[in-house]
Amino acid sequence: MIDEKTARLVLFSAITPGNIFWGNQVASLGASQVYQKIIKESSYSRISDYQEVKEKVATSKPLDLIAELRKSDSEFISPTDLDWPIPLMDLSSPPIGLVIKGDREILGSLDRSISIVGSRRPTEYGLAVSNKLAADSATAKAVVISGGAYGIDTAAHKGAIGEGGSSVAVLAGGFNHLYPIENKRLFSQITKKGLLISEVMPSVKSQPSRFLIRNRLIAALSKATVVVEAEFVSGSIRTARDAAEIFRPVFAIPGQISSPLSAGCHRLIADRVADIATTLVEILEVITPLQKR
């Protein structure tokens with residue numbers, strides 16, 4: 001009988017991130033039981049991707065997976081671990097596990113954290129706001145979470161690190177294929193006082209669809225999500241709506257009414273998905289318990 005942690009690792013390597021069916025099966029039944037049911041070809045035979053999953057599970061070698069993790073200097077964590085981020089279980093498709101690299105103790109500090117997201121092609125205004133908001137968060141001992149992408153994400157990570165704070169980057173690909181590669185030095189800096197997180201094994205490359213899938217993790221890991229600049233239709237809007245769906249506070253930074261890069265923020269405010277925010281103080285007032293203010 002395979003143990004729960006090993007079964008989690010095998011299923012993690014075999015199942016596409018964000019799969020609602022498999023994610024909920026593992027969450028409700030446990031990885032070991034789901035593993036056995038897959039191998040025995042029981043009630044899963046009618047599931048569309050069952051044969052693909054079964055082949056991957058049957059040919060998977062746990063020792064090889066562990067070796068891959070060690071080679072990339074990363075760790076696999078799952079709900080079997082005491083420091084697993086419980087808020088992730090609020091998602092409709094909770095992750096089977098995560099691969100992390102850096103300061104694991106940061107997982108214990110996420111009760112005071114904000115996600116800062118936005119356009120990959122921001123204005124100077126957007127970059128300045130993102131950097132300042134992250135720097136202020138670092139001063140306030142709040143962890144800054146973002147996606148490691150160009151633009152607003154990069155400014156947020158750099159703002160936090162520049163003030164000696166902690167930052168978490170949730171990536172769409174594995175640590176052996178860091179994306180964007182231009183942020184390789186930034187990712188290295190993040191691992192010293194923060195954490196890299198991925199929902200795939202280290203050798204898995206990024207795919208366009210996985211950027212939207214990983215956004216739900218950014219939303220769930222933090223106490224609030226702040227959209228700095230975003231077009232009317234964008235991944236950042238998806239992140240904000242992911243956060244709202246699990247009842248996380250969402251904030252949007254207002255901008256010029258003529259700027260396409262503020263259209264998404266104004267849309268969130270108009271749809272009452274987000275509250276207006278102009279300073280970190282306004283955000284902390286919402287996410288900080290009264291007894292800790």
# chains A, B, ... in the order shown; residues from 1 in each chain; ligands from 1
$ closest_atom_pairs --of "range 164-281 of chain A" --to "range 13-28 of chain A" --cutoff "9 Å" --atoms "only C-alpha atoms" --output "JSON lines"
{"residue": "A:Glu199", "atom": "CA", "partner": "A:Pro17", "partner_atom": "CA", "distance": 6.4}
{"residue": "A:Val200", "atom": "CA", "partner": "A:Ser13", "partner_atom": "CA", "distance": 6.8}
{"residue": "A:Met201", "atom": "CA", "partner": "A:Ser13", "partner_atom": "CA", "distance": 6.3}
{"residue": "A:Arg210", "atom": "CA", "partner": "A:Pro17", "partner_atom": "CA", "distance": 7.7}
{"residue": "A:Ile213", "atom": "CA", "partner": "A:Gly18", "partner_atom": "CA", "distance": 6.0}
{"residue": "A:Arg214", "atom": "CA", "partner": "A:Gly18", "partner_atom": "CA", "distance": 8.0}
{"residue": "A:Arg216", "atom": "CA", "partner": "A:Gly18", "partner_atom": "CA", "distance": 8.8}
$ residues_around --residues "range 229-242 of chain A" --least-positions-apart "6" --cutoff "7 Å" --atoms "only C-alpha atoms" --output "list in words"
Val117, Gly118, Ser119, Pro122, Gly126, Leu212, Asn215, Arg216, Ala219, Val250, Pro260, Leu261, Ser262, Ala263, Gly264, Cys265 and Arg267 of chain A
$ write_last_selection --atoms "C-alpha atoms" --output "PDB file, in the first residue's frame"
ATOM      1  CA  VAL A 117      -0.816  41.910  -9.818  1.00  0.00           C
ATOM      2  CA  GLY A 118      -1.210  43.788 -13.056  1.00  0.00           C
ATOM      3  CA  SER A 119      -0.153  44.328 -16.643  1.00  0.00           C
ATOM      4  CA  PRO A 122       2.475  48.886 -17.522  1.00  0.00           C
ATOM      5  CA  GLY A 126       1.787  51.600 -12.699  1.00  0.00           C
ATOM      6  CA  LEU A 212      -4.380  31.549 -15.773  1.00  0.00           C
ATOM      7  CA  ASN A 215      -3.527  32.819 -10.832  1.00  0.00           C
ATOM      8  CA  ARG A 216      -6.002  31.108  -8.504  1.00  0.00           C
ATOM      9  CA  ALA A 219      -5.482  34.797  -5.065  1.00  0.00           C
ATOM     10  CA  VAL A 250     -10.009  42.739  -3.765  1.00  0.00           C
ATOM     11  CA  PRO A 260      -6.553  51.362 -21.506  1.00  0.00           C
ATOM     12  CA  LEU A 261      -4.319  50.011 -18.746  1.00  0.00           C
ATOM     13  CA  SER A 262      -6.685  51.326 -16.098  1.00  0.00           C
ATOM     14  CA  ALA A 263      -9.822  50.036 -17.822  1.00  0.00           C
ATOM     15  CA  GLY A 264      -9.614  46.700 -16.012  1.00  0.00           C
ATOM     16  CA  CYS A 265      -9.262  48.342 -12.609  1.00  0.00           C
ATOM     17  CA  ARG A 267     -14.227  47.651 -14.473  1.00  0.00           C
TER      18      ARG A 267
END
$ residues_around --residues "Gln33 in chain A" --least-positions-apart "5" --cutoff "9 Å" --atoms "only C-alpha atoms" --output "list in words"
Glu4, Ala7, Val26 and Ile38 of chain A
$ atom_distance --atom1 "CA of Leu195 in chain A" --atom2 "CA of Ile283 in chain A"
22.8 Å
$ select_by_dssp --residues "range 38-284 of chain A" --states "helix (DSSP H, G or I)" --output "PyMOL selection string"
chain A and resi 38-40+43-46+50-59+62-71+86-90+104-109+124-139+152-162+175-177+181-193+208-221+235-245+260-270+280-284
$ atom_distance --atom1 "CA of His177 in chain A" --atom2 "CA of Ser198 in chain A"
11.2 Å
$ atom_distance --atom1 "CA of Gly159 in chain A" --atom2 "CA of Leu133 in chain A"
7.6 Å
$ closest_residue --among "A:Leu98, A:Ile2, A:Leu221, A:Val53" --to "Ile86 in chain A" --atoms "only C-alpha atoms"
A:Leu221
$ select_by_dssp --residues "range 125-264 of chain A" --states "strand (DSSP E or B)" --output "list in words"
Val143, Val144, Ile145, Ser146, Ser167, Val168, Ala169, Val170, Leu171, Leu195, Leu196, Ile197, Ser198, Thr225, Val226, Val227, Val250, Phe251 and Ala252 of chain A
$ write_last_selection --atoms "N, CA and C atoms" --output "short mmCIF file (atom, residue, chain, number, x, y, z; two decimals), in the first residue's frame"
data_model
loop_
_atom_site.label_atom_id
_atom_site.label_comp_id
_atom_site.auth_asym_id
_atom_site.auth_seq_id
_atom_site.Cartn_x
_atom_site.Cartn_y
_atom_site.Cartn_z
N VAL A 143 4.02 40.05 3.66
CA VAL A 143 4.61 39.32 2.54
C VAL A 143 3.93 39.74 1.24
N VAL A 144 4.73 40.00 0.22
CA VAL A 144 4.20 40.39 -1.09
C VAL A 144 4.21 39.18 -2.02
N ILE A 145 3.04 38.87 -2.57
CA ILE A 145 2.89 37.72 -3.46
C ILE A 145 2.56 38.20 -4.86
N SER A 146 3.20 37.62 -5.86
CA SER A 146 2.90 37.96 -7.25
C SER A 146 3.32 36.78 -8.14
N SER A 167 9.09 38.12 -0.27
CA SER A 167 8.22 38.03 -1.43
C SER A 167 8.06 36.59 -1.86
N VAL A 168 6.92 36.28 -2.45
CA VAL A 168 6.62 34.95 -2.95
C VAL A 168 6.24 35.07 -4.42
N ALA A 169 6.87 34.27 -5.27
CA ALA A 169 6.55 34.25 -6.70
C ALA A 169 5.92 32.91 -7.04
N VAL A 170 4.69 32.97 -7.55
CA VAL A 170 3.98 31.75 -7.95
C VAL A 170 4.15 31.61 -9.46
N LEU A 171 4.88 30.58 -9.87
CA LEU A 171 5.27 30.44 -11.28
C LEU A 171 4.37 29.44 -12.01
N LEU A 195 10.08 32.88 -1.33
CA LEU A 195 9.77 31.53 -1.80
C LEU A 195 9.32 31.55 -3.26
N LEU A 196 9.77 30.56 -4.00
CA LEU A 196 9.21 30.28 -5.32
C LEU A 196 8.24 29.12 -5.16
N ILE A 197 7.10 29.22 -5.81
CA ILE A 197 6.08 28.17 -5.72
C ILE A 197 5.64 27.78 -7.13
N SER A 198 5.48 26.48 -7.34
CA SER A 198 4.99 25.99 -8.62
C SER A 198 4.06 24.81 -8.40
N THR A 225 -6.05 40.79 -2.63
CA THR A 225 -5.44 40.96 -3.95
C THR A 225 -5.60 42.41 -4.40
N VAL A 226 -4.51 43.00 -4.89
CA VAL A 226 -4.53 44.38 -5.37
C VAL A 226 -4.17 44.38 -6.86
N VAL A 227 -5.04 44.92 -7.68
CA VAL A 227 -4.77 45.07 -9.11
C VAL A 227 -4.32 46.50 -9.35
N VAL A 250 -10.66 42.33 -2.52
CA VAL A 250 -10.01 42.74 -3.76
C VAL A 250 -9.98 44.26 -3.82
N PHE A 251 -8.83 44.80 -4.20
CA PHE A 251 -8.67 46.25 -4.34
C PHE A 251 -8.15 46.56 -5.74
N ALA A 252 -8.51 47.73 -6.23
CA ALA A 252 -8.02 48.17 -7.53
C ALA A 252 -7.52 49.61 -7.40
#
